[in-house]
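Structure, as structure tokens:
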Protein chains: 4
Amino acid sequence: MHIYQSTVSTEAPLWKSEIVCAPSFNETDPMGVVWHGNYFRFFESAREALFEALDYGYKEMNRTGYIWPVVETKIKYRLPWMLEEKASVIATITEYENRLRIKYEIRRERDGKLLTVGETVHMAFDLENKSALFETPEVFRKKLGLG
Amino acid sequence: MHIYQSTVSTEAPLWKSEIVCAPSFNETDPMGVVWHGNYFRFFESAREALFEALDYGYKEMNRTGYIWPVVETKIKYRLPWMLEEKASVIATITEYENRLRIKYEIRRERDGKLLTVGETVHMAFDLENKSALFETPEVFRKKLGLG
Amino acid sequence: MHIYQSTVSTEAPLWKSEIVCAPSFNETDPMGVVWHGNYFRFFESAREALFEALDYGYKEMNRTGYIWPVVETKIKYRLPWMLEEKASVIATITEYENRLRIKYEIRRERDGKLLTVGETVHMAFDLENKSALFETPEVFRKKLGLG
Amino acid sequence: MHIYQSTVSTEAPLWKSEIVCAPSFNETDPMGVVWHGNYFRFFESAREALFEALDYGYKEMNRTGYIWPVVETKIKYRLPWMLEEKASVIATITEYENRLRIKYEIRRERDGKLLTVGETVHMAFDLENKSALFETPEVFRKKLGLG
């Protein structure tokens with residue numbers, strides 16, 4: 001992919017990132033559009049931009065004793081996303097209390113049309129006790145600027 | 001991935017394939033498990049085995065004037081799938097009348113545990129008229145052994 | 001991947017792009033470093049930035065009747081590239097007369113160390129005559145600002 | 001990818017595997033052929049089949065204290081490899097004394113034509129001492145059936 005611009009908002013309760021990007025050749029399929037499984041790469045790039053701005057990248061997650069595996073995901077593909085077509089990938093945190101839910105939208109730059117909506121659901125996993133958490137750990141609440 | 005065995009059942013109404021396989025190094029992430037977006041590669045391999053047995057691979061789809069893009073997908077990741085861990089990826093056609101719905105299960109070989117469930121929903125797209133179909137084209141019903 | 005910055009120089013004979021970027025989770029392997037086959041995605045991003053600046057993206061290549069498949073490639077991996085580690089990926093056109101040769105360097109941002117060197121060799125393929133060219137077509141020479 | 005058949009020869013000095021396989025949709029690009037960086041996935045599948053037969057998979061490498069990162073690679077792409085086209089990917093160990101060199105060939109099934117040749121060079125890395133080895137460790141010589 002190519003990323004032209006990246007903006008992040010980390011003020012509670014509007015944790016949100018937007019990357020303006022275009023698919024690379026290797027992300028598109030014989031129809032000349034992004035292959036359906038590759039959307040997760042774009043979602044991941046937007047999510048990583050958001051977590052980097054929250055000072056909660058992978059290294060920091062590990063340092064604080066947690067990882068956040070994806071436990072559920074879904075996507076609706078409304079319109080195809082073409083090779084070289086610029087679009088905004090927007091990631092928004094919509095739940096954090098128990099599980100972490102992040103919603104994604106992909107909007108085409110030239111006309112603002114919504115191409116794709118999706119979400120990933122993550123659970124905190126405690127590395128020391130090797131167990132899933134059913135409540136968000138204190139450290140992540142702090143990263144989110146909550147009490 | 002490595003595929004050890006592949007079995008397909010194409011008798012209506014039990015269109016189903018099962019591939020016994022294990023993830024490759026390049027499909028796993030820093031946690032040593034399959035990265036969440038790579039499950040779509042395994043689903044695709046199982047789906048392709050099924051469609052090949054139905055004599056309805058990509059070349060044949062094109063020849064008959066249709067393609068079948070994914071319009072929706074979802075996955076629940078119950079247990080992680082480790083590098084070198086053998087599992088069965090099972091693809092089953094559960095709807096074909098309007099949209100094509102394929103369900104997937106991934107079961108670990110050593111204990112039969114269900115690791116993952118998912119689905120992909122596809123729509124027929126008529127290449128000549130450049131339009132989506134809301135009913136399954138006759139040619140696909142024939143490939144399914146229906147009427 | 002995440003791209004933080006992109007700069008391109010298109011004045012003959014210094015056709016060169018540099019993207020400052022960091023690997024995403026999905027591009028790293030169980031060792032926590034970029035998987036060896038994924039370097040081609042980074043090279044492609046840098047190459048695409050360069051060709052976009054030369055007004056010779058895929059759509060434009062097609063419009064002018066040529067594509068440029070990779071016919072050869074090689075890489076030396078000197079030092080591992082870690083998840084979240086910022087680095088510059090630099091693509092430079094070093095030959096264009098017959099085949100197109102692009103060299104790549106990846107340099108770590110924090111200390112300037114050279115992590116990786118590589119190259120891709122491309123040949124022009126004439127879409128109308130369905131044949132490989134052994135001399136660079138006029139249109140590409142113009143894009144390069146040569147006569 | 002889909003793998004139809006896999007055969008391995010582990011008798012010294014003919015360590016060699018061959019997988020008969022075909023590319024999946026997600027491995028092919030807008031030209032309908034395998035994207036140049038995805039060949040490393042096919043090489044990896046053939047290499048993993050070989051190492052599994054030598055009882056030297058990743059878990060076993062780790063257990064014995066070594067990993068084998070790729071330090072160099074190259075490929076010549078002679079003919080394109082099409083979606084759904086069956087081919088043999090053959091991996092052969094050609095050096096093991098200092099560095100491990102594995103050569104790869106991809107041959108189309110329908111006419112035996114050589115599509116691609118490549119190689120990967122690996123070095124043993126001692127996990128305990130965190131250092132590269134310049135001679136093959138005893139344990140790997142044993143796996144190869146040498147003294």
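Chain labels run A, B, ... following the order of the structure tokens; each chain numbers its residues from 1, and ligands are numbered from 1 in the order shown.
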Fit chain B to chain A: least squares, all C-alpha atoms, paired in order; write the output as a short mmCIF file (atom, residue, chain, number, x, y, z; two decimals) with N, CA and C atoms, in the first residue's frame.
data_model
loop_
_atom_site.label_atom_id
_atom_site.label_comp_id
_atom_site.auth_asym_id
_atom_site.auth_seq_id
_atom_site.Cartn_x
_atom_site.Cartn_y
_atom_site.Cartn_z
N MET B 1 0.83 -1.18 -0.01
CA MET B 1 -0.02 0.01 -0.01
C MET B 1 0.86 1.25 -0.01
N HIS B 2 0.27 2.36 -0.40
CA HIS B 2 0.96 3.61 -0.20
C HIS B 2 0.11 4.47 0.72
N ILE B 3 0.75 5.13 1.70
CA ILE B 3 0.03 6.01 2.62
C ILE B 3 0.48 7.43 2.35
N TYR B 4 -0.48 8.28 2.05
CA TYR B 4 -0.18 9.67 1.69
C TYR B 4 -0.28 10.60 2.89
N GLN B 5 -1.14 10.21 3.84
CA GLN B 5 -1.39 11.12 4.95
C GLN B 5 -2.01 10.32 6.07
N SER B 6 -1.77 10.75 7.29
CA SER B 6 -2.27 10.03 8.44
C SER B 6 -2.65 11.05 9.50
N THR B 7 -3.88 10.98 9.99
CA THR B 7 -4.28 11.90 11.07
C THR B 7 -4.94 11.10 12.16
N VAL B 8 -4.68 11.49 13.41
CA VAL B 8 -5.18 10.72 14.54
C VAL B 8 -5.80 11.67 15.55
N SER B 9 -6.89 11.24 16.15
CA SER B 9 -7.51 12.00 17.23
C SER B 9 -7.55 11.09 18.45
N THR B 10 -6.91 11.50 19.56
CA THR B 10 -6.81 10.60 20.72
C THR B 10 -7.54 11.13 21.95
N GLU B 11 -8.31 12.21 21.78
CA GLU B 11 -9.07 12.74 22.90
C GLU B 11 -10.28 11.86 23.18
N ALA B 12 -10.46 11.41 24.44
CA ALA B 12 -11.65 10.64 24.80
C ALA B 12 -12.88 11.50 24.51
N PRO B 13 -13.97 10.96 24.05
CA PRO B 13 -14.17 9.57 23.64
C PRO B 13 -14.13 9.41 22.13
N LEU B 14 -13.19 10.14 21.48
CA LEU B 14 -13.15 10.12 20.01
C LEU B 14 -11.84 9.57 19.48
N TRP B 15 -11.51 8.36 19.91
CA TRP B 15 -10.25 7.77 19.49
C TRP B 15 -10.42 7.28 18.06
N LYS B 16 -9.66 7.88 17.18
CA LYS B 16 -9.94 7.68 15.77
C LYS B 16 -8.71 8.00 14.92
N SER B 17 -8.46 7.19 13.91
CA SER B 17 -7.37 7.51 12.98
C SER B 17 -7.90 7.45 11.56
N GLU B 18 -7.23 8.16 10.69
CA GLU B 18 -7.59 8.14 9.27
C GLU B 18 -6.32 8.13 8.46
N ILE B 19 -6.18 7.11 7.61
CA ILE B 19 -5.03 7.11 6.71
C ILE B 19 -5.55 7.23 5.28
N VAL B 20 -4.96 8.16 4.54
CA VAL B 20 -5.30 8.30 3.12
C VAL B 20 -4.29 7.45 2.36
N CYS B 21 -4.78 6.46 1.64
CA CYS B 21 -3.86 5.50 1.04
C CYS B 21 -4.38 4.95 -0.28
N ALA B 22 -3.56 4.19 -0.98
CA ALA B 22 -3.97 3.52 -2.21
C ALA B 22 -3.37 2.12 -2.21
N PRO B 23 -4.09 1.16 -2.76
CA PRO B 23 -3.59 -0.22 -2.80
C PRO B 23 -2.40 -0.38 -3.73
N SER B 24 -1.50 -1.27 -3.36
CA SER B 24 -0.38 -1.65 -4.21
C SER B 24 -0.78 -2.81 -5.11
N PHE B 25 0.03 -3.00 -6.15
CA PHE B 25 -0.17 -4.10 -7.09
C PHE B 25 -0.34 -5.43 -6.37
N ASN B 26 0.51 -5.69 -5.37
CA ASN B 26 0.49 -6.99 -4.69
C ASN B 26 -0.75 -7.19 -3.83
N GLU B 27 -1.53 -6.16 -3.60
CA GLU B 27 -2.73 -6.29 -2.78
C GLU B 27 -3.98 -6.48 -3.61
N THR B 28 -3.82 -6.40 -4.94
CA THR B 28 -4.98 -6.54 -5.82
C THR B 28 -4.96 -7.89 -6.52
N ASP B 29 -6.12 -8.32 -6.97
CA ASP B 29 -6.29 -9.66 -7.51
C ASP B 29 -6.52 -9.62 -9.02
N PRO B 30 -6.76 -10.75 -9.64
CA PRO B 30 -6.93 -10.75 -11.10
C PRO B 30 -8.08 -9.86 -11.60
N MET B 31 -8.99 -9.42 -10.72
CA MET B 31 -10.02 -8.49 -11.16
C MET B 31 -9.55 -7.03 -11.06
N GLY B 32 -8.30 -6.83 -10.60
CA GLY B 32 -7.77 -5.47 -10.50
C GLY B 32 -8.26 -4.72 -9.28
N VAL B 33 -8.84 -5.45 -8.33
CA VAL B 33 -9.34 -4.83 -7.09
C VAL B 33 -8.68 -5.50 -5.89
N VAL B 34 -8.78 -4.83 -4.74
CA VAL B 34 -8.17 -5.39 -3.53
C VAL B 34 -8.80 -6.75 -3.22
N TRP B 35 -7.97 -7.76 -3.00
CA TRP B 35 -8.46 -9.10 -2.65
C TRP B 35 -9.13 -9.03 -1.27
N HIS B 36 -10.24 -9.74 -1.10
CA HIS B 36 -11.07 -9.54 0.11
C HIS B 36 -10.30 -9.75 1.42
N GLY B 37 -9.35 -10.66 1.45
CA GLY B 37 -8.61 -10.90 2.69
C GLY B 37 -7.57 -9.82 2.98
N ASN B 38 -7.22 -9.01 1.98
CA ASN B 38 -6.19 -7.98 2.18
C ASN B 38 -6.72 -6.73 2.86
N TYR B 39 -8.05 -6.60 2.98
CA TYR B 39 -8.59 -5.44 3.69
C TYR B 39 -8.09 -5.41 5.13
N PHE B 40 -7.80 -6.58 5.69
CA PHE B 40 -7.31 -6.63 7.08
C PHE B 40 -5.94 -6.01 7.23
N ARG B 41 -5.18 -5.95 6.14
CA ARG B 41 -3.90 -5.24 6.19
C ARG B 41 -4.13 -3.73 6.31
N PHE B 42 -5.11 -3.23 5.58
CA PHE B 42 -5.41 -1.79 5.63
C PHE B 42 -5.99 -1.42 6.99
N PHE B 43 -6.89 -2.27 7.48
CA PHE B 43 -7.44 -2.04 8.82
C PHE B 43 -6.31 -2.02 9.85
N GLU B 44 -5.39 -2.96 9.70
CA GLU B 44 -4.28 -3.04 10.65
C GLU B 44 -3.41 -1.79 10.60
N SER B 45 -3.17 -1.27 9.41
CA SER B 45 -2.36 -0.05 9.31
C SER B 45 -3.06 1.13 10.01
N ALA B 46 -4.37 1.25 9.81
CA ALA B 46 -5.10 2.34 10.47
C ALA B 46 -5.11 2.14 11.99
N ARG B 47 -5.32 0.89 12.41
CA ARG B 47 -5.36 0.59 13.85
C ARG B 47 -3.99 0.85 14.49
N GLU B 48 -2.93 0.47 13.80
CA GLU B 48 -1.58 0.70 14.33
C GLU B 48 -1.27 2.19 14.45
N ALA B 49 -1.74 3.00 13.50
CA ALA B 49 -1.53 4.45 13.58
C ALA B 49 -2.22 5.00 14.83
N LEU B 50 -3.41 4.48 15.11
CA LEU B 50 -4.17 4.91 16.28
C LEU B 50 -3.46 4.51 17.58
N PHE B 51 -3.03 3.25 17.65
CA PHE B 51 -2.39 2.78 18.87
C PHE B 51 -1.01 3.39 19.08
N GLU B 52 -0.33 3.68 18.00
CA GLU B 52 0.95 4.38 18.15
C GLU B 52 0.72 5.74 18.79
N ALA B 53 -0.32 6.45 18.35
CA ALA B 53 -0.62 7.78 18.91
C ALA B 53 -1.06 7.68 20.37
N LEU B 54 -1.65 6.56 20.75
CA LEU B 54 -2.06 6.34 22.15
C LEU B 54 -0.89 5.84 23.00
N ASP B 55 0.30 5.78 22.41
CA ASP B 55 1.48 5.20 23.07
C ASP B 55 1.19 3.77 23.55
N TYR B 56 0.56 2.99 22.67
CA TYR B 56 0.22 1.61 23.06
C TYR B 56 0.45 0.68 21.86
N GLY B 57 1.67 0.80 21.31
CA GLY B 57 2.09 -0.10 20.24
C GLY B 57 2.38 -1.49 20.80
N TYR B 58 2.80 -2.43 19.95
CA TYR B 58 3.01 -3.83 20.36
C TYR B 58 4.07 -3.96 21.46
N LYS B 59 5.15 -3.19 21.32
CA LYS B 59 6.22 -3.28 22.30
C LYS B 59 5.71 -2.82 23.67
N GLU B 60 4.93 -1.72 23.64
CA GLU B 60 4.39 -1.17 24.87
C GLU B 60 3.34 -2.13 25.48
N MET B 61 2.51 -2.73 24.63
CA MET B 61 1.54 -3.75 25.11
C MET B 61 2.28 -4.85 25.85
N ASN B 62 3.32 -5.37 25.22
CA ASN B 62 4.11 -6.43 25.83
C ASN B 62 4.74 -6.00 27.14
N ARG B 63 5.27 -4.78 27.13
CA ARG B 63 5.93 -4.25 28.33
C ARG B 63 4.96 -4.19 29.50
N THR B 64 3.68 -3.87 29.18
CA THR B 64 2.69 -3.73 30.25
C THR B 64 1.98 -5.05 30.54
N GLY B 65 2.38 -6.12 29.83
CA GLY B 65 1.89 -7.45 30.20
C GLY B 65 0.65 -7.95 29.48
N TYR B 66 0.24 -7.26 28.41
CA TYR B 66 -0.96 -7.71 27.70
C TYR B 66 -0.72 -7.79 26.21
N ILE B 67 -1.48 -8.67 25.56
CA ILE B 67 -1.62 -8.60 24.10
C ILE B 67 -3.12 -8.58 23.81
N TRP B 68 -3.49 -8.24 22.60
CA TRP B 68 -4.88 -8.01 22.25
C TRP B 68 -5.27 -8.76 20.98
N PRO B 69 -5.34 -10.08 21.03
CA PRO B 69 -5.68 -10.82 19.82
C PRO B 69 -7.10 -10.51 19.31
N VAL B 70 -7.27 -10.63 18.00
CA VAL B 70 -8.58 -10.48 17.37
C VAL B 70 -9.39 -11.75 17.64
N VAL B 71 -10.60 -11.59 18.18
CA VAL B 71 -11.43 -12.77 18.45
C VAL B 71 -12.63 -12.85 17.51
N GLU B 72 -12.86 -11.79 16.78
CA GLU B 72 -14.02 -11.77 15.89
C GLU B 72 -13.80 -10.68 14.86
N THR B 73 -14.32 -10.89 13.66
CA THR B 73 -14.21 -9.84 12.66
C THR B 73 -15.34 -9.98 11.65
N LYS B 74 -15.71 -8.89 11.03
CA LYS B 74 -16.63 -8.96 9.89
C LYS B 74 -16.43 -7.78 8.96
N ILE B 75 -16.80 -7.99 7.72
CA ILE B 75 -16.65 -6.95 6.68
C ILE B 75 -17.85 -7.02 5.73
N LYS B 76 -18.32 -5.85 5.31
CA LYS B 76 -19.21 -5.78 4.14
C LYS B 76 -18.49 -5.02 3.05
N TYR B 77 -18.41 -5.67 1.89
CA TYR B 77 -17.74 -5.08 0.74
C TYR B 77 -18.82 -4.48 -0.15
N ARG B 78 -18.98 -3.17 -0.14
CA ARG B 78 -20.06 -2.56 -0.92
C ARG B 78 -19.66 -2.28 -2.35
N LEU B 79 -18.49 -1.71 -2.50
CA LEU B 79 -18.00 -1.38 -3.85
C LEU B 79 -16.55 -1.81 -3.93
N PRO B 80 -16.10 -2.24 -5.09
CA PRO B 80 -14.71 -2.68 -5.21
C PRO B 80 -13.73 -1.52 -5.05
N TRP B 81 -12.56 -1.83 -4.53
CA TRP B 81 -11.50 -0.83 -4.35
C TRP B 81 -10.41 -1.15 -5.37
N MET B 82 -10.23 -0.24 -6.31
CA MET B 82 -9.35 -0.47 -7.45
C MET B 82 -7.88 -0.15 -7.13
N LEU B 83 -7.01 -0.81 -7.84
CA LEU B 83 -5.58 -0.47 -7.84
C LEU B 83 -5.40 1.03 -8.12
N GLU B 84 -4.53 1.68 -7.37
CA GLU B 84 -4.19 3.12 -7.55
C GLU B 84 -5.30 4.08 -7.15
N GLU B 85 -6.40 3.56 -6.61
CA GLU B 85 -7.52 4.42 -6.20
C GLU B 85 -7.29 4.91 -4.77
N LYS B 86 -7.21 6.22 -4.59
CA LYS B 86 -7.01 6.76 -3.25
C LYS B 86 -8.29 6.67 -2.42
N ALA B 87 -8.13 6.30 -1.16
CA ALA B 87 -9.28 6.21 -0.25
C ALA B 87 -8.82 6.47 1.17
N SER B 88 -9.76 6.83 2.03
CA SER B 88 -9.48 6.99 3.45
C SER B 88 -9.87 5.73 4.19
N VAL B 89 -8.99 5.22 5.01
CA VAL B 89 -9.33 4.11 5.90
C VAL B 89 -9.41 4.70 7.30
N ILE B 90 -10.60 4.62 7.89
CA ILE B 90 -10.86 5.28 9.17
C ILE B 90 -11.13 4.20 10.23
N ALA B 91 -10.36 4.24 11.31
CA ALA B 91 -10.54 3.28 12.41
C ALA B 91 -11.03 4.04 13.64
N THR B 92 -12.10 3.55 14.27
CA THR B 92 -12.69 4.23 15.42
C THR B 92 -12.91 3.22 16.55
N ILE B 93 -12.48 3.55 17.74
CA ILE B 93 -12.75 2.68 18.90
C ILE B 93 -14.18 2.96 19.36
N THR B 94 -15.02 1.93 19.36
CA THR B 94 -16.43 2.13 19.73
C THR B 94 -16.79 1.44 21.04
N GLU B 95 -15.95 0.52 21.52
CA GLU B 95 -16.16 -0.12 22.82
C GLU B 95 -14.80 -0.42 23.40
N TYR B 96 -14.68 -0.30 24.70
CA TYR B 96 -13.39 -0.62 25.32
C TYR B 96 -13.59 -1.24 26.71
N GLU B 97 -14.81 -1.22 27.24
CA GLU B 97 -15.03 -1.61 28.63
C GLU B 97 -14.69 -3.07 28.89
N ASN B 98 -15.20 -3.96 28.05
CA ASN B 98 -14.89 -5.37 28.25
C ASN B 98 -14.03 -5.86 27.10
N ARG B 99 -14.63 -5.95 25.96
CA ARG B 99 -13.84 -6.25 24.80
C ARG B 99 -13.55 -4.93 24.10
N LEU B 100 -12.54 -4.94 23.27
CA LEU B 100 -12.20 -3.75 22.50
C LEU B 100 -12.81 -3.92 21.11
N ARG B 101 -13.67 -2.97 20.72
CA ARG B 101 -14.28 -3.05 19.39
C ARG B 101 -13.82 -1.86 18.56
N ILE B 102 -13.31 -2.15 17.37
CA ILE B 102 -12.85 -1.09 16.48
C ILE B 102 -13.63 -1.21 15.18
N LYS B 103 -14.22 -0.09 14.75
CA LYS B 103 -14.97 -0.09 13.49
C LYS B 103 -14.14 0.61 12.42
N TYR B 104 -14.33 0.15 11.21
CA TYR B 104 -13.56 0.67 10.08
C TYR B 104 -14.49 1.09 8.95
N GLU B 105 -14.11 2.16 8.29
CA GLU B 105 -14.79 2.58 7.07
C GLU B 105 -13.73 2.87 6.02
N ILE B 106 -14.03 2.52 4.79
CA ILE B 106 -13.14 2.91 3.70
C ILE B 106 -13.95 3.78 2.75
N ARG B 107 -13.50 5.01 2.56
CA ARG B 107 -14.20 5.97 1.69
C ARG B 107 -13.30 6.41 0.55
N ARG B 108 -13.82 6.31 -0.65
CA ARG B 108 -13.09 6.69 -1.85
C ARG B 108 -12.88 8.20 -1.85
N GLU B 109 -11.68 8.62 -2.21
CA GLU B 109 -11.37 10.05 -2.14
C GLU B 109 -12.11 10.87 -3.19
N ARG B 110 -12.19 10.36 -4.43
CA ARG B 110 -12.70 11.21 -5.51
C ARG B 110 -14.17 11.59 -5.37
N ASP B 111 -14.97 10.77 -4.67
CA ASP B 111 -16.40 11.09 -4.56
C ASP B 111 -16.97 10.81 -3.16
N GLY B 112 -16.11 10.43 -2.22
CA GLY B 112 -16.57 10.21 -0.84
C GLY B 112 -17.41 8.95 -0.65
N LYS B 113 -17.59 8.16 -1.69
CA LYS B 113 -18.43 6.95 -1.58
C LYS B 113 -17.84 5.95 -0.58
N LEU B 114 -18.74 5.34 0.17
CA LEU B 114 -18.35 4.33 1.15
C LEU B 114 -18.11 3.00 0.43
N LEU B 115 -16.87 2.52 0.45
CA LEU B 115 -16.55 1.27 -0.25
C LEU B 115 -16.77 0.06 0.64
N THR B 116 -16.39 0.18 1.91
CA THR B 116 -16.33 -0.98 2.79
C THR B 116 -16.57 -0.56 4.23
N VAL B 117 -17.27 -1.40 4.99
CA VAL B 117 -17.34 -1.23 6.44
C VAL B 117 -16.92 -2.55 7.09
N GLY B 118 -16.30 -2.43 8.25
CA GLY B 118 -15.86 -3.65 8.91
C GLY B 118 -15.62 -3.41 10.38
N GLU B 119 -15.32 -4.48 11.11
CA GLU B 119 -14.92 -4.31 12.50
C GLU B 119 -14.03 -5.45 12.94
N THR B 120 -13.21 -5.16 13.94
CA THR B 120 -12.45 -6.21 14.61
C THR B 120 -12.76 -6.10 16.10
N VAL B 121 -12.91 -7.26 16.75
CA VAL B 121 -13.13 -7.30 18.19
C VAL B 121 -11.91 -7.98 18.81
N HIS B 122 -11.38 -7.37 19.84
CA HIS B 122 -10.16 -7.85 20.48
C HIS B 122 -10.41 -8.12 21.96
N MET B 123 -9.68 -9.08 22.52
CA MET B 123 -9.74 -9.29 23.97
C MET B 123 -8.36 -9.12 24.55
N ALA B 124 -8.30 -8.57 25.73
CA ALA B 124 -7.01 -8.48 26.40
C ALA B 124 -6.62 -9.87 26.88
N PHE B 125 -5.36 -10.20 26.71
CA PHE B 125 -4.84 -11.48 27.17
C PHE B 125 -3.66 -11.17 28.09
N ASP B 126 -3.74 -11.67 29.31
CA ASP B 126 -2.73 -11.41 30.33
C ASP B 126 -1.57 -12.39 30.13
N LEU B 127 -0.41 -11.85 29.76
CA LEU B 127 0.72 -12.71 29.41
C LEU B 127 1.26 -13.49 30.61
N GLU B 128 1.20 -12.89 31.79
CA GLU B 128 1.76 -13.56 32.97
C GLU B 128 0.87 -14.72 33.41
N ASN B 129 -0.42 -14.44 33.52
CA ASN B 129 -1.34 -15.49 33.97
C ASN B 129 -1.87 -16.36 32.83
N LYS B 130 -1.46 -16.05 31.63
CA LYS B 130 -1.92 -16.79 30.46
C LYS B 130 -3.44 -16.97 30.45
N SER B 131 -4.15 -15.86 30.62
CA SER B 131 -5.61 -15.96 30.60
C SER B 131 -6.22 -14.72 29.98
N ALA B 132 -7.38 -14.91 29.37
CA ALA B 132 -8.12 -13.81 28.77
C ALA B 132 -8.76 -12.98 29.87
N LEU B 133 -8.85 -11.67 29.64
CA LEU B 133 -9.50 -10.77 30.61
C LEU B 133 -10.89 -10.42 30.09
N PHE B 134 -11.83 -10.25 31.01
CA PHE B 134 -13.17 -9.88 30.58
C PHE B 134 -13.48 -8.44 30.94
N GLU B 135 -12.45 -7.75 31.41
CA GLU B 135 -12.57 -6.32 31.67
C GLU B 135 -11.27 -5.68 31.19
N THR B 136 -11.38 -4.49 30.66
CA THR B 136 -10.20 -3.81 30.15
C THR B 136 -9.21 -3.51 31.27
N PRO B 137 -7.95 -3.86 31.09
CA PRO B 137 -6.97 -3.59 32.16
C PRO B 137 -6.78 -2.09 32.35
N GLU B 138 -6.48 -1.73 33.57
CA GLU B 138 -6.27 -0.33 33.98
C GLU B 138 -5.31 0.40 33.04
N VAL B 139 -4.24 -0.27 32.64
CA VAL B 139 -3.24 0.40 31.82
C VAL B 139 -3.83 0.88 30.49
N PHE B 140 -4.75 0.14 29.94
CA PHE B 140 -5.32 0.57 28.67
C PHE B 140 -6.30 1.73 28.88
N ARG B 141 -7.03 1.71 29.99
CA ARG B 141 -7.92 2.84 30.31
C ARG B 141 -7.10 4.13 30.42
N LYS B 142 -5.91 4.02 31.02
CA LYS B 142 -5.05 5.20 31.13
C LYS B 142 -4.57 5.68 29.76
N LYS B 143 -4.19 4.73 28.91
CA LYS B 143 -3.75 5.12 27.56
C LYS B 143 -4.88 5.84 26.83
N LEU B 144 -6.11 5.47 27.14
CA LEU B 144 -7.27 6.10 26.50
C LEU B 144 -7.60 7.44 27.15
N GLY B 145 -6.85 7.80 28.21
CA GLY B 145 -7.09 9.08 28.87
C GLY B 145 -8.29 9.04 29.81
N LEU B 146 -8.63 7.84 30.28
CA LEU B 146 -9.78 7.66 31.17
C LEU B 146 -9.26 7.41 32.57
N GLY B 147 -9.74 8.19 33.49
CA GLY B 147 -9.36 7.98 34.91
C GLY B 147 -7.91 7.70 35.09
#
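Every residue of region 36-97 of chain A with a DSSP assignment of alpha helix (DSSP H), taken from the backbone, is listed as Tyr39, Phe40, Arg41, Phe42, Phe43, Glu44, Ser45, Ala46, Arg47, Glu48, Ala49, Leu50, Phe51, Glu52, Ala53, Tyr58, Lys59, Glu60, Met61, Asn62 and Arg63 of chain A.
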(message) Using DSSP assignments from the backbone, pull out every residue in region 14-82 of chain A that falls under strand (DSSP E or B) and give it to me as a ChimeraX atom specification.
(response) /A:16-22,28,33-34,66-67,70-77,82
Keeping C-alpha atoms for every residue in the selection just given, could you write it to a file as a PDB file, in the first residue's frame?
ATOM      1  CA  LYS A  16      -9.946   7.682  15.750  1.00  0.00           C
ATOM      2  CA  SER A  17      -7.372   7.498  12.983  1.00  0.00           C
ATOM      3  CA  GLU A  18      -7.595   8.139   9.274  1.00  0.00           C
ATOM      4  CA  ILE A  19      -5.039   7.108   6.707  1.00  0.00           C
ATOM      5  CA  VAL A  20      -5.301   8.303   3.124  1.00  0.00           C
ATOM      6  CA  CYS A  21      -3.862   5.503   1.038  1.00  0.00           C
ATOM      7  CA  ALA A  22      -3.969   3.524  -2.210  1.00  0.00           C
ATOM      8  CA  THR A  28      -4.974  -6.528  -5.829  1.00  0.00           C
ATOM      9  CA  VAL A  33      -9.338  -4.832  -7.104  1.00  0.00           C
ATOM     10  CA  VAL A  34      -8.171  -5.386  -3.531  1.00  0.00           C
ATOM     11  CA  TYR A  66      -0.958  -7.712  27.711  1.00  0.00           C
ATOM     12  CA  ILE A  67      -1.631  -8.601  24.117  1.00  0.00           C
ATOM     13  CA  VAL A  70      -8.566 -10.480  17.366  1.00  0.00           C
ATOM     14  CA  VAL A  71     -11.434 -12.762  18.451  1.00  0.00           C
ATOM     15  CA  GLU A  72     -14.020 -11.770  15.891  1.00  0.00           C
ATOM     16  CA  THR A  73     -14.222  -9.848  12.662  1.00  0.00           C
ATOM     17  CA  LYS A  74     -16.640  -8.978   9.890  1.00  0.00           C
ATOM     18  CA  ILE A  75     -16.658  -6.964   6.679  1.00  0.00           C
ATOM     19  CA  LYS A  76     -19.211  -5.793   4.138  1.00  0.00           C
ATOM     20  CA  TYR A  77     -17.744  -5.080   0.736  1.00  0.00           C
ATOM     21  CA  MET A  82      -9.355  -0.455  -7.463  1.00  0.00           C
TER      22      MET A  82
END
